[in-house]
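Have a look at the structure below before the remarks.
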Amino acid sequence: MLRSPLIYLSEADWLRRLLMDWKIARRVALRFVAGERLADAILAVRVLNERSMNTTLNLLGEDTDTPKKAQKITQDIIAILDAIEESGVRSNISIKLTQLGLKQDENLCSENLVRILTHARRLKTFVRIDMEDSSCIDATMRLYWRMRNEHGFNNVGMVIQSYLYRSDEDTKTLLSGDTRIRMVKGAYDEPSEIAYPKKKDVDKAFDRLVEMMLDTARTETSPLIGDDGKWPPITAVATHDQARIDYAIAYSQKTGVPKNKMEFQMLYGIRRETQESLAAEGYPVRIYVPYGTEWFPYFMRRLAERPANLWFFVSSYFRS
Ligand SMILES: Cc1cc2nc3c(=O)[nH]c(=O)nc-3n(C[C@H](O)[C@H](O)[C@H](O)COP(=O)(O)OP(=O)(O)OC[C@H]3O[C@@H](n4cnc5c(N)ncnc54)[C@H](O)[C@@H]3O)c2cc1C
């Protein structure tokens, strides 16, 4: 019930300005965000690495509105790659194409993406392209294939959202090109013309698509997770939903997919005990570690996913 209004508000500039200046909001947001500086994020990554988990670092920010800002963010993302290399942590990166100017100019976005992928390739690091709302999907797919086919990059992977009707087709196409895929349910508010309105259908699609990925992972040539923790396998199951995790484990055991041909991914600060118990069982676990000052839309989507987070936020206000 609260999901749609909260996702709608995640784009409201007035609320962004209000919350970002508010100490309590910042404190609550920091439950889901590793800090505002790159050094904070590297510290959080070290702690997770010590607990046998890999990470993917994400500089928060989306919908960049000028070419100059998109170029600055590109430079900042390249700095993350250097920081990973210098600190020796087990991490790759996740990026959003609207950070790189996707909504202004697809060619500019493409140039910025090429710069990032070139630098990452030099450092033997993998880059995941996050999936944003449905208005961005066709352009994101186009740029992904341009990077693979025209520029020859193979250090790049994609995200599929199981709430979309189109995802069966998209998953098949991506798997035919050995794409490393992160499967998620989807974090945006999409209309019923293009997305399942009911949670049980989103969950069913999630399991079906994970099966497709695990069937590909079973083949002999399908890549294992990299020894340095940077390269993911084909199959990344990104959810905090215990039933989805159990389903993926049961299907992988039934069909004989080894643990190092799949990984579980979760968000920083969410269901930490599940993160740790999967890692203790020997499953590769990767934590998505966001950092930066532009935490507002990310924070609002996390509130939307779980009303209890909103109550925690409200009660922090009254406790302060
Ligand atoms: C690593 C990773 C990367 C992602 N990348 C993308 C992306 O590129 N594009 C995209 O659209 N979406 C992305 N998402 C978000 C995803 O689409 C979902 O919105 C989010 O994961 C919540 O769905 P769920 O699968 O955890 O299941 P749900 O059914 O929403 O949740 C299952 C259970 O997990 C716990 N939980 C879930 N969310 C929260 C929360 N915010 N706070 C506290 N507990 C919670 C609760 O116990 C809940 O009952 C990503 C998620 C992960 C884990």
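Each chain of the structure tokens is named A, B, ... in the order shown, its residues numbered from 1; ligands are numbered from 1 in display order.
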Counting only C-alpha atoms and all ligand atoms, what are the residues, protein, DNA or RNA alike, that approach ligand 1 to within 7 Å? I want them as an mmCIF file with N, CA, C and O atoms, in the first residue's frame.
data_model
loop_
_atom_site.group_PDB
_atom_site.id
_atom_site.type_symbol
_atom_site.label_atom_id
_atom_site.label_comp_id
_atom_site.auth_asym_id
_atom_site.auth_seq_id
_atom_site.Cartn_x
_atom_site.Cartn_y
_atom_site.Cartn_z
ATOM 1 N N ASP A 130 23.512 -1.821 -13.314
ATOM 2 C CA ASP A 130 22.229 -1.943 -12.604
ATOM 3 C C ASP A 130 21.092 -1.681 -13.589
ATOM 4 O O ASP A 130 21.273 -0.961 -14.576
ATOM 5 N N MET A 131 19.897 -2.244 -13.290
ATOM 6 C CA MET A 131 18.749 -1.946 -14.160
ATOM 7 C C MET A 131 17.851 -0.932 -13.457
ATOM 8 O O MET A 131 17.525 -1.101 -12.285
ATOM 9 N N GLU A 132 17.465 0.110 -14.198
ATOM 10 C CA GLU A 132 16.638 1.166 -13.606
ATOM 11 C C GLU A 132 15.182 1.003 -14.062
ATOM 12 O O GLU A 132 14.776 -0.078 -14.469
ATOM 13 N N ASP A 133 14.403 2.077 -14.010
ATOM 14 C CA ASP A 133 12.971 1.920 -14.328
ATOM 15 C C ASP A 133 12.774 1.589 -15.811
ATOM 16 O O ASP A 133 13.701 1.711 -16.618
ATOM 17 N N VAL A 159 21.484 -6.816 -15.246
ATOM 18 C CA VAL A 159 20.500 -7.155 -14.210
ATOM 19 C C VAL A 159 19.163 -7.409 -14.907
ATOM 20 O O VAL A 159 18.804 -6.701 -15.848
ATOM 21 N N GLN A 161 14.959 -7.918 -14.028
ATOM 22 C CA GLN A 161 13.930 -7.723 -12.985
ATOM 23 C C GLN A 161 12.786 -8.701 -13.240
ATOM 24 O O GLN A 161 12.118 -8.625 -14.276
ATOM 25 N N VAL A 184 16.959 -9.933 -9.943
ATOM 26 C CA VAL A 184 16.299 -9.234 -8.829
ATOM 27 C C VAL A 184 14.794 -9.245 -9.091
ATOM 28 O O VAL A 184 14.353 -9.532 -10.201
ATOM 29 N N LYS A 185 14.011 -8.857 -8.075
ATOM 30 C CA LYS A 185 12.560 -8.773 -8.297
ATOM 31 C C LYS A 185 12.201 -7.471 -9.021
ATOM 32 O O LYS A 185 11.277 -7.437 -9.818
ATOM 33 N N GLY A 186 12.935 -6.391 -8.722
ATOM 34 C CA GLY A 186 12.631 -5.084 -9.330
ATOM 35 C C GLY A 186 12.191 -4.097 -8.270
ATOM 36 O O GLY A 186 11.340 -4.421 -7.444
ATOM 37 N N ALA A 187 12.774 -2.887 -8.324
ATOM 38 C CA ALA A 187 12.587 -1.933 -7.228
ATOM 39 C C ALA A 187 11.720 -0.733 -7.582
ATOM 40 O O ALA A 187 11.524 0.145 -6.753
ATOM 41 N N TYR A 188 11.202 -0.677 -8.814
ATOM 42 C CA TYR A 188 10.476 0.535 -9.229
ATOM 43 C C TYR A 188 8.980 0.258 -9.273
ATOM 44 O O TYR A 188 8.542 -0.877 -9.094
ATOM 45 N N ALA A 238 19.900 -12.374 -6.440
ATOM 46 C CA ALA A 238 19.947 -11.193 -5.564
ATOM 47 C C ALA A 238 18.602 -10.972 -4.900
ATOM 48 O O ALA A 238 17.684 -10.396 -5.489
ATOM 49 N N THR A 239 18.481 -11.452 -3.686
ATOM 50 C CA THR A 239 17.222 -11.322 -2.953
ATOM 51 C C THR A 239 17.477 -11.520 -1.461
ATOM 52 O O THR A 239 18.471 -12.144 -1.078
ATOM 53 N N HIS A 240 16.553 -10.977 -0.632
ATOM 54 C CA HIS A 240 16.594 -11.257 0.811
ATOM 55 C C HIS A 240 15.478 -12.206 1.188
ATOM 56 O O HIS A 240 15.230 -12.447 2.364
ATOM 57 N N ASP A 241 14.772 -12.707 0.195
ATOM 58 C CA ASP A 241 13.582 -13.535 0.402
ATOM 59 C C ASP A 241 14.027 -14.992 0.636
ATOM 60 O O ASP A 241 14.522 -15.654 -0.283
ATOM 61 N N GLN A 242 13.818 -15.466 1.861
ATOM 62 C CA GLN A 242 14.316 -16.801 2.232
ATOM 63 C C GLN A 242 13.759 -17.893 1.318
ATOM 64 O O GLN A 242 14.466 -18.832 0.941
ATOM 65 N N GLN A 265 23.464 -12.507 -3.739
ATOM 66 C CA GLN A 265 23.780 -11.098 -3.531
ATOM 67 C C GLN A 265 22.716 -10.473 -2.638
ATOM 68 O O GLN A 265 21.529 -10.774 -2.780
ATOM 69 N N MET A 266 23.169 -9.624 -1.729
ATOM 70 C CA MET A 266 22.227 -8.890 -0.868
ATOM 71 C C MET A 266 22.708 -7.456 -0.685
ATOM 72 O O MET A 266 23.871 -7.142 -0.976
ATOM 73 N N LEU A 267 21.801 -6.628 -0.196
ATOM 74 C CA LEU A 267 22.137 -5.218 -0.017
ATOM 75 C C LEU A 267 22.778 -4.982 1.350
ATOM 76 O O LEU A 267 22.418 -5.643 2.338
ATOM 77 N N ILE A 270 21.055 -5.226 5.092
ATOM 78 C CA ILE A 270 19.762 -5.926 5.101
ATOM 79 C C ILE A 270 19.970 -7.432 5.301
ATOM 80 O O ILE A 270 20.740 -8.056 4.584
ATOM 81 N N ARG A 271 19.268 -7.975 6.295
ATOM 82 C CA ARG A 271 19.326 -9.405 6.647
ATOM 83 C C ARG A 271 20.765 -9.918 6.791
ATOM 84 O O ARG A 271 21.177 -10.875 6.144
ATOM 85 N N ILE A 287 27.956 -8.603 -1.340
ATOM 86 C CA ILE A 287 27.125 -7.535 -0.775
ATOM 87 C C ILE A 287 27.272 -6.268 -1.631
ATOM 88 O O ILE A 287 28.384 -5.858 -1.972
ATOM 89 N N TYR A 288 26.123 -5.695 -1.948
ATOM 90 C CA TYR A 288 26.076 -4.440 -2.718
ATOM 91 C C TYR A 288 26.294 -3.304 -1.720
ATOM 92 O O TYR A 288 25.484 -3.112 -0.810
ATOM 93 N N ARG A 302 14.408 1.671 -0.381
ATOM 94 C CA ARG A 302 14.550 0.691 0.722
ATOM 95 C C ARG A 302 13.394 0.845 1.711
ATOM 96 O O ARG A 302 12.900 -0.118 2.253
ATOM 97 N N LEU A 303 12.955 2.082 1.944
ATOM 98 C CA LEU A 303 11.780 2.283 2.815
ATOM 99 C C LEU A 303 10.558 1.643 2.170
ATOM 100 O O LEU A 303 9.744 1.000 2.845
ATOM 101 N N GLU A 305 10.342 -0.891 0.264
ATOM 102 C CA GLU A 305 10.348 -2.360 0.263
ATOM 103 C C GLU A 305 9.849 -2.947 1.570
ATOM 104 O O GLU A 305 9.419 -4.092 1.618
ATOM 105 N N ARG A 306 9.974 -2.176 2.628
ATOM 106 C CA ARG A 306 9.616 -2.753 3.923
ATOM 107 C C ARG A 306 9.056 -1.672 4.834
ATOM 108 O O ARG A 306 9.819 -0.849 5.373
ATOM 109 N N ASN A 309 10.727 -0.384 7.967
ATOM 110 C CA ASN A 309 11.817 0.596 7.894
ATOM 111 C C ASN A 309 11.280 2.009 8.083
ATOM 112 O O ASN A 309 11.940 2.865 8.661
#
Long-range neighbours of range 114-122 of chain A as a ChimeraX atom specification, 7 Å cut-off, only C-alpha atoms, 4 positions minimum in chain: /A:74,78,81,110,126,155
Surrounding residues of Ala83 in chain A excluding itself and chain neighbours under 5 positions, 9 Å, only C-alpha atoms, as number ranges by chain: A: 38-39, 42, 78, 88-89
So that I can see what lies close to Leu9 in chain A, please list as a ChimeraX atom specification the residues with an atom at most 8 Å from it, counting only C-alpha atoms and leaving out residues fewer than 4 positions away in the same chain. /A:5,15,300
Residues within 9 Å of range 168-170 of chain A, only C-alpha atoms, excluding chain neighbours under 6 positions, as a PyMOL selection string: chain A and resi 141+160+162+205+208-209+212
What's the 10 Å shell around Val314 in chain A, counting only C-alpha atoms, without same-chain residues fewer than 5 positions away, as a list in words?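 Answer for this query is Ile24, Ala25, Val28, Ala308, Asn309 and Arg319 of chain A.
For the choices A:Ala44, A:Met158, A:Leu174, A:Met183, the atom-to-atom distance to Val127 in chain A is smallest for A:Met158 when using only C-alpha atoms.
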Point-to-point distance in Å for CA of Ile93 in chain A and CA of Leu57 in chain A: 4.6 Å
Measuring atom to atom with only C-alpha atoms, identify which of A:Glu111, A:Glu263, A:Asp246, A:Asp227 is nearest to Arg182 in chain A.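 Comparing A:Glu111, A:Glu263, A:Asp246, A:Asp227 against Arg182 in chain A, the winner is A:Glu263.
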To one decimal place, how far is CA of Arg17 in chain A from CA of Trp295 in chain A in Å?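 Separating CA of Arg17 in chain A from CA of Trp295 in chain A is a distance of 11.4 Å.
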Tell me which of A:Val202, A:Ala280, A:Ala12, A:Leu102 sits closest to Thr64 in chain A, counting only C-alpha atoms. A:Leu102
Using only C-alpha atoms, pick whichever of A:Ala236, A:Glu85, A:Pro307, A:Phe153 has the shortest atom-to-atom distance to Pro284 in chain A.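 Among the listed residues, the smallest separation from Pro284 in chain A belongs to A:Ala236.
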Write down as an NGL selection string the residues belonging to range 124-314 of chain A that are assigned alpha helix (DSSP H) by DSSP computed on the backbone. :A and (137-145 or 167-176 or 199-217 or 242-255 or 272-280 or 296-305 or 307-314)
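The closest residue to Glu294 in chain A, picked from A:Leu2, A:Ile7, A:Leu310, A:Leu19 and counting only C-alpha atoms, is A:Leu19.
Closest approach to Ala29 in chain A among A:Tyr268, A:Ile245, A:Lys72, A:Ala195 is made by A:Tyr268 (distances from only C-alpha atoms).
Computed from the coordinates, the CA of Lys124 in chain A to CA of Asn154 in chain A distance equals 10.5 Å.
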